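Q: Input: one structure, supplied below.
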Amino acid sequence: MSKLRIALTTGDVDGIGFEVTAKALHHLGPQKGVQFLLWRPDGASQKYLKLIDQKFERITVDDLFQALEIEGPYLIDIASDLAPAKWVELSAKACLKKEIHALATAPLSKTSIKAAGFKDLGHTDILKRLSRAKHVHMGFVGEKFNVVLATAHLPVKEITKHLSFSVLAEALINANELRKKLPTAQAKKPIGVLGLNPHAGEAGLIGQEELLFFPELVSFAKEKKIPFEGPLVPDAAFFPENWKKYSVYLSLYHDQGLIPFKMIHGQDSGVHMTLGIPFVRTSVDHGTAKDIFGKNKANPHSMIDAVRWAVKLARL
């Protein structure tokens, strides 16, 4: 088949995932050389299906096997009674077999994943398990700046236990892979690696982590020809005047990077990417927003960006 297949999973059935995906598809319309495979619940809102139908010729099937059999200029609509976490798992397996070329996901709650019988904590854990990738990181691309997280969902008291030179080195490698996919002018800029402690440790006066990790990281980056600066002082790194200095910020823990990213970008832009797996996965950078489910209030901009990036990266 000549077309690229992009799978779209719409997340929790009582969240905003289907709404933002339908709005994103309506906004973007058909993409040249691309076939979208849309996972959604069997009882999804007819209002949003009609919105999709304004731009696409839609064929509805029951499962992924049937979807993969269909060629032509259609959006393949998979009306499924499976758990949404299973949509992600089946799509990822198809990506590994190169039957699907990219995966873009709407928000999926940890409770929904658990209810499906999975032990994974989130999308990232599902994809890491299936791909057997050793070093997987969350990356976030925004209009103002980009962030990669060196560690994932950890209790704050356990962060230092999970940090080491090797952890930072692997995160730097994945951050560099993201850097190389950015527009040329942006890709020429170094990666800014944040310190862990206030004032980036103040030369050891406020913590030793910067002294332990960064000298070796400098040598490693030089050997691998990865441009980076750091440790950056965390409370000043995200000042607006610094956004254009770096291609990517590498933050050492979840909230260190995501609090500033989400405060600046909100739901108007921002794409989550899974780095280190052998296929393309993008996602919205927000949650299920169940409080506005069914109210037609959800902002689709992050999903629009997620679909755009999935298409762009699949074409590389």
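To be explicit about the labels: the chains of the structure tokens are called A, B, and onward in the order shown, and within each one the residues are counted from 1, while ligands get numbers from 1 in the order they are shown.
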Can you list every residue of region 133-172 of chain A that has an atom at most 9 Å from region 249-268 of chain A, with its nearest atom pair and the distance in Å to one decimal, using only C-alpha atoms, ordered by chain then number, as JSON lines?

A:
```
{"residue": "A:Phe140", "atom": "CA", "partner": "A:Phe261", "partner_atom": "CA", "distance": 8.1}
{"residue": "A:Gly142", "atom": "CA", "partner": "A:His265", "partner_atom": "CA", "distance": 6.7}
{"residue": "A:Glu143", "atom": "CA", "partner": "A:His265", "partner_atom": "CA", "distance": 7.3}
{"residue": "A:Lys144", "atom": "CA", "partner": "A:His265", "partner_atom": "CA", "distance": 7.6}
{"residue": "A:Phe145", "atom": "CA", "partner": "A:Phe261", "partner_atom": "CA", "distance": 7.7}
{"residue": "A:Asn146", "atom": "CA", "partner": "A:Tyr249", "partner_atom": "CA", "distance": 6.1}
{"residue": "A:Val147", "atom": "CA", "partner": "A:Tyr249", "partner_atom": "CA", "distance": 4.7}
{"residue": "A:Val148", "atom": "CA", "partner": "A:Leu250", "partner_atom": "CA", "distance": 4.9}
{"residue": "A:Leu149", "atom": "CA", "partner": "A:Ser251", "partner_atom": "CA", "distance": 5.1}
{"residue": "A:Ala150", "atom": "CA", "partner": "A:Leu252", "partner_atom": "CA", "distance": 4.9}
{"residue": "A:Thr151", "atom": "CA", "partner": "A:Tyr253", "partner_atom": "CA", "distance": 5.2}
{"residue": "A:Ala152", "atom": "CA", "partner": "A:His254", "partner_atom": "CA", "distance": 5.7}
{"residue": "A:His153", "atom": "CA", "partner": "A:His254", "partner_atom": "CA", "distance": 6.4}
{"residue": "A:Leu154", "atom": "CA", "partner": "A:His254", "partner_atom": "CA", "distance": 7.6}
{"residue": "A:Val156", "atom": "CA", "partner": "A:Tyr253", "partner_atom": "CA", "distance": 8.4}
{"residue": "A:Ile159", "atom": "CA", "partner": "A:Tyr253", "partner_atom": "CA", "distance": 6.9}
{"residue": "A:Leu163", "atom": "CA", "partner": "A:Leu252", "partner_atom": "CA", "distance": 7.9}
{"residue": "A:Leu168", "atom": "CA", "partner": "A:Leu252", "partner_atom": "CA", "distance": 8.0}
{"residue": "A:Ala171", "atom": "CA", "partner": "A:Leu250", "partner_atom": "CA", "distance": 7.7}
{"residue": "A:Leu172", "atom": "CA", "partner": "A:Leu250", "partner_atom": "CA", "distance": 7.3}
```

Q: Contacts of Ala44 (chain A) at 12 Å or less, counting only C-alpha atoms, minus same-chain residues fewer than 3 places along, as a ChimeraX atom specification?

A: /A:10-19,21-22,38-41,47-50,77-81,293-294

Q: Nearest to Ala203 (chain A): which of A:Val136, A:Glu89, A:Pro231, A:Ser219 is it, counting only C-alpha atoms?

A: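 Under the stated criterion, the closest residue is A:Pro231.
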
Q: Give me the residues within 12 Å of region 61-64 of chain A as JSON, numbers by chain, counting only C-alpha atoms and dropping any in the same chain fewer than 2 places off.

A: {"A": [5, 7, 8, 9, 37, 38, 39, 40, 41, 42, 58, 59, 66, 67, 68, 69, 70, 74, 75, 76, 77, 78, 79, 80, 81, 82, 86, 87, 88, 89, 90, 91, 92, 93, 94, 99, 100]}

Q: Find, counting only C-alpha atoms, the residue in A:Gly192, A:Gly230, A:Gly33, A:Pro215 that gets nearest to Ile6 (chain A).

A: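 With only C-alpha atoms as the atom set, the closest residue is A:Gly33.
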
Q: Could you jot down the CA of Gln54 (chain A) to CA of His301 (chain A) separation for me, Å, one decimal place?

A: 18.9 Å

Q: Would you mind reading off the distance between CA of Glu229 (chain A) and CA of Gly201 (chain A), one decimal, in Å?

A: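 Value for the CA of Glu229 (chain A)-CA of Gly201 (chain A) distance: 15.4 Å.
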
Q: Write down as a PyMOL selection string the residues belonging to region 13-195 of chain A that are assigned strand (DSSP E) by DSSP computed on the backbone.

A: chain A and resi 34-41+58-61+75-80+102-105+137-141+146-149+191-194

Q: Write out as an NGL selection string the residues lying within 12 Å of Lys189 (chain A), counting only C-alpha atoms and excluding same-chain residues fewer than 2 positions away.

A: :A and (145-146 or 176 or 179-180 or 182-187 or 191-192 or 226-229 or 242-249)

Q: Could you dump the residues just selected with N, CA and C atoms as a PDB file, in the first residue's frame?

A:
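Just written: selection_38.pdb:
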```
ATOM      1  N   PHE A 145       8.688  26.560  23.378  1.00  0.00           N
ATOM      2  CA  PHE A 145       9.883  25.777  23.688  1.00  0.00           C
ATOM      3  C   PHE A 145       9.519  24.304  23.787  1.00  0.00           C
ATOM      4  N   ASN A 146      10.559  23.468  23.867  1.00  0.00           N
ATOM      5  CA  ASN A 146      10.386  22.014  23.886  1.00  0.00           C
ATOM      6  C   ASN A 146      11.052  21.428  25.127  1.00  0.00           C
ATOM      7  N   ASN A 176      18.463  14.584  21.909  1.00  0.00           N
ATOM      8  CA  ASN A 176      19.184  14.954  20.690  1.00  0.00           C
ATOM      9  C   ASN A 176      18.469  14.437  19.444  1.00  0.00           C
ATOM     10  N   ARG A 179      15.865  16.912  18.873  1.00  0.00           N
ATOM     11  CA  ARG A 179      16.473  18.136  18.337  1.00  0.00           C
ATOM     12  C   ARG A 179      16.658  18.039  16.832  1.00  0.00           C
ATOM     13  N   LYS A 180      17.117  16.914  16.349  1.00  0.00           N
ATOM     14  CA  LYS A 180      17.409  16.749  14.927  1.00  0.00           C
ATOM     15  C   LYS A 180      16.157  16.734  14.056  1.00  0.00           C
ATOM     16  N   LEU A 182      13.612  18.847  14.597  1.00  0.00           N
ATOM     17  CA  LEU A 182      13.044  20.187  14.648  1.00  0.00           C
ATOM     18  C   LEU A 182      13.431  20.974  13.398  1.00  0.00           C
ATOM     19  N   PRO A 183      12.748  22.085  13.133  1.00  0.00           N
ATOM     20  CA  PRO A 183      13.152  22.936  12.012  1.00  0.00           C
ATOM     21  C   PRO A 183      14.624  23.313  12.110  1.00  0.00           C
ATOM     22  N   THR A 184      15.261  23.513  10.970  1.00  0.00           N
ATOM     23  CA  THR A 184      16.719  23.671  10.896  1.00  0.00           C
ATOM     24  C   THR A 184      17.260  24.739  11.836  1.00  0.00           C
ATOM     25  N   ALA A 185      16.643  25.905  11.860  1.00  0.00           N
ATOM     26  CA  ALA A 185      17.142  26.995  12.702  1.00  0.00           C
ATOM     27  C   ALA A 185      17.110  26.619  14.174  1.00  0.00           C
ATOM     28  N   GLN A 186      16.072  25.908  14.563  1.00  0.00           N
ATOM     29  CA  GLN A 186      15.941  25.483  15.955  1.00  0.00           C
ATOM     30  C   GLN A 186      16.894  24.337  16.279  1.00  0.00           C
ATOM     31  N   ALA A 187      17.068  23.436  15.334  1.00  0.00           N
ATOM     32  CA  ALA A 187      17.917  22.265  15.549  1.00  0.00           C
ATOM     33  C   ALA A 187      19.388  22.626  15.730  1.00  0.00           C
ATOM     34  N   ILE A 191      21.042  21.803  23.486  1.00  0.00           N
ATOM     35  CA  ILE A 191      20.069  21.299  24.459  1.00  0.00           C
ATOM     36  C   ILE A 191      20.415  21.912  25.815  1.00  0.00           C
ATOM     37  N   GLY A 192      19.437  22.467  26.489  1.00  0.00           N
ATOM     38  CA  GLY A 192      19.658  23.032  27.821  1.00  0.00           C
ATOM     39  C   GLY A 192      19.288  22.017  28.886  1.00  0.00           C
ATOM     40  N   ILE A 226      26.979  16.000  20.757  1.00  0.00           N
ATOM     41  CA  ILE A 226      25.669  16.521  21.122  1.00  0.00           C
ATOM     42  C   ILE A 226      25.864  17.899  21.752  1.00  0.00           C
ATOM     43  N   PRO A 227      25.335  18.948  21.150  1.00  0.00           N
ATOM     44  CA  PRO A 227      25.495  20.287  21.725  1.00  0.00           C
ATOM     45  C   PRO A 227      24.593  20.465  22.947  1.00  0.00           C
ATOM     46  N   PHE A 228      25.196  20.808  24.082  1.00  0.00           N
ATOM     47  CA  PHE A 228      24.352  21.059  25.246  1.00  0.00           C
ATOM     48  C   PHE A 228      25.004  22.063  26.172  1.00  0.00           C
ATOM     49  N   GLU A 229      24.176  22.694  26.994  1.00  0.00           N
ATOM     50  CA  GLU A 229      24.633  23.602  28.035  1.00  0.00           C
ATOM     51  C   GLU A 229      23.980  23.195  29.345  1.00  0.00           C
ATOM     52  N   ASN A 242      15.019  33.221  27.471  1.00  0.00           N
ATOM     53  CA  ASN A 242      15.849  32.027  27.298  1.00  0.00           C
ATOM     54  C   ASN A 242      15.268  31.006  26.324  1.00  0.00           C
ATOM     55  N   TRP A 243      14.000  31.176  25.935  1.00  0.00           N
ATOM     56  CA  TRP A 243      13.347  30.165  25.114  1.00  0.00           C
ATOM     57  C   TRP A 243      14.066  29.923  23.791  1.00  0.00           C
ATOM     58  N   LYS A 244      14.584  30.992  23.200  1.00  0.00           N
ATOM     59  CA  LYS A 244      15.205  30.855  21.883  1.00  0.00           C
ATOM     60  C   LYS A 244      16.676  30.441  21.954  1.00  0.00           C
ATOM     61  N   LYS A 245      17.191  30.276  23.162  1.00  0.00           N
ATOM     62  CA  LYS A 245      18.597  29.884  23.307  1.00  0.00           C
ATOM     63  C   LYS A 245      18.805  28.386  23.104  1.00  0.00           C
ATOM     64  N   TYR A 246      17.743  27.608  23.324  1.00  0.00           N
ATOM     65  CA  TYR A 246      17.895  26.151  23.351  1.00  0.00           C
ATOM     66  C   TYR A 246      16.914  25.472  22.384  1.00  0.00           C
ATOM     67  N   SER A 247      17.361  24.394  21.801  1.00  0.00           N
ATOM     68  CA  SER A 247      16.474  23.594  20.954  1.00  0.00           C
ATOM     69  C   SER A 247      15.480  22.829  21.814  1.00  0.00           C
ATOM     70  N   VAL A 248      15.977  22.278  22.910  1.00  0.00           N
ATOM     71  CA  VAL A 248      15.192  21.448  23.820  1.00  0.00           C
ATOM     72  C   VAL A 248      15.694  21.698  25.240  1.00  0.00           C
ATOM     73  N   TYR A 249      14.785  21.720  26.197  1.00  0.00           N
ATOM     74  CA  TYR A 249      15.162  21.669  27.609  1.00  0.00           C
ATOM     75  C   TYR A 249      15.102  20.213  28.059  1.00  0.00           C
TER      76      TYR A 249
END
```

Q: Between A:Ile292, A:Ala83, A:Leu96, A:Leu316, which has the minimum distance to Lys114 (chain A) (counting only C-alpha atoms)?

A: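 The closest residue to Lys114 (chain A) is A:Ala83.
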
Q: Which distance in Å separates CA of Met303 (chain A) and CA of Asp120 (chain A), to one decimal?

A: 23.0 Å

Q: Which residue, A:Ala175, A:Leu212, A:Val307, A:Leu205, has the smallest gap to Gly276 (chain A) when you use only C-alpha atoms?

A: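 Once distances to Gly276 (chain A) are computed over only C-alpha atoms, the minimum belongs to A:Ala175.
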
Q: Tell me, as number ranges by chain, which residues lie within 6 Å of region 23-32 of chain A, counting only C-alpha atoms; anything in the same chain fewer than 4 positions away does not count.

A: A: 52, 55, 300, 304

Q: Those same residues - C-alpha atoms - I'd like them written as a PDB file, in the first residue's frame.

A:
```
ATOM      1  CA  ILE A  52     -15.817  14.173  10.510  1.00  0.00           C
ATOM      2  CA  LYS A  55     -14.402  16.379   5.368  1.00  0.00           C
ATOM      3  CA  PRO A 300      -8.659  20.645  19.928  1.00  0.00           C
ATOM      4  CA  ILE A 304      -4.395  19.094  15.824  1.00  0.00           C
TER       5      ILE A 304
END
```
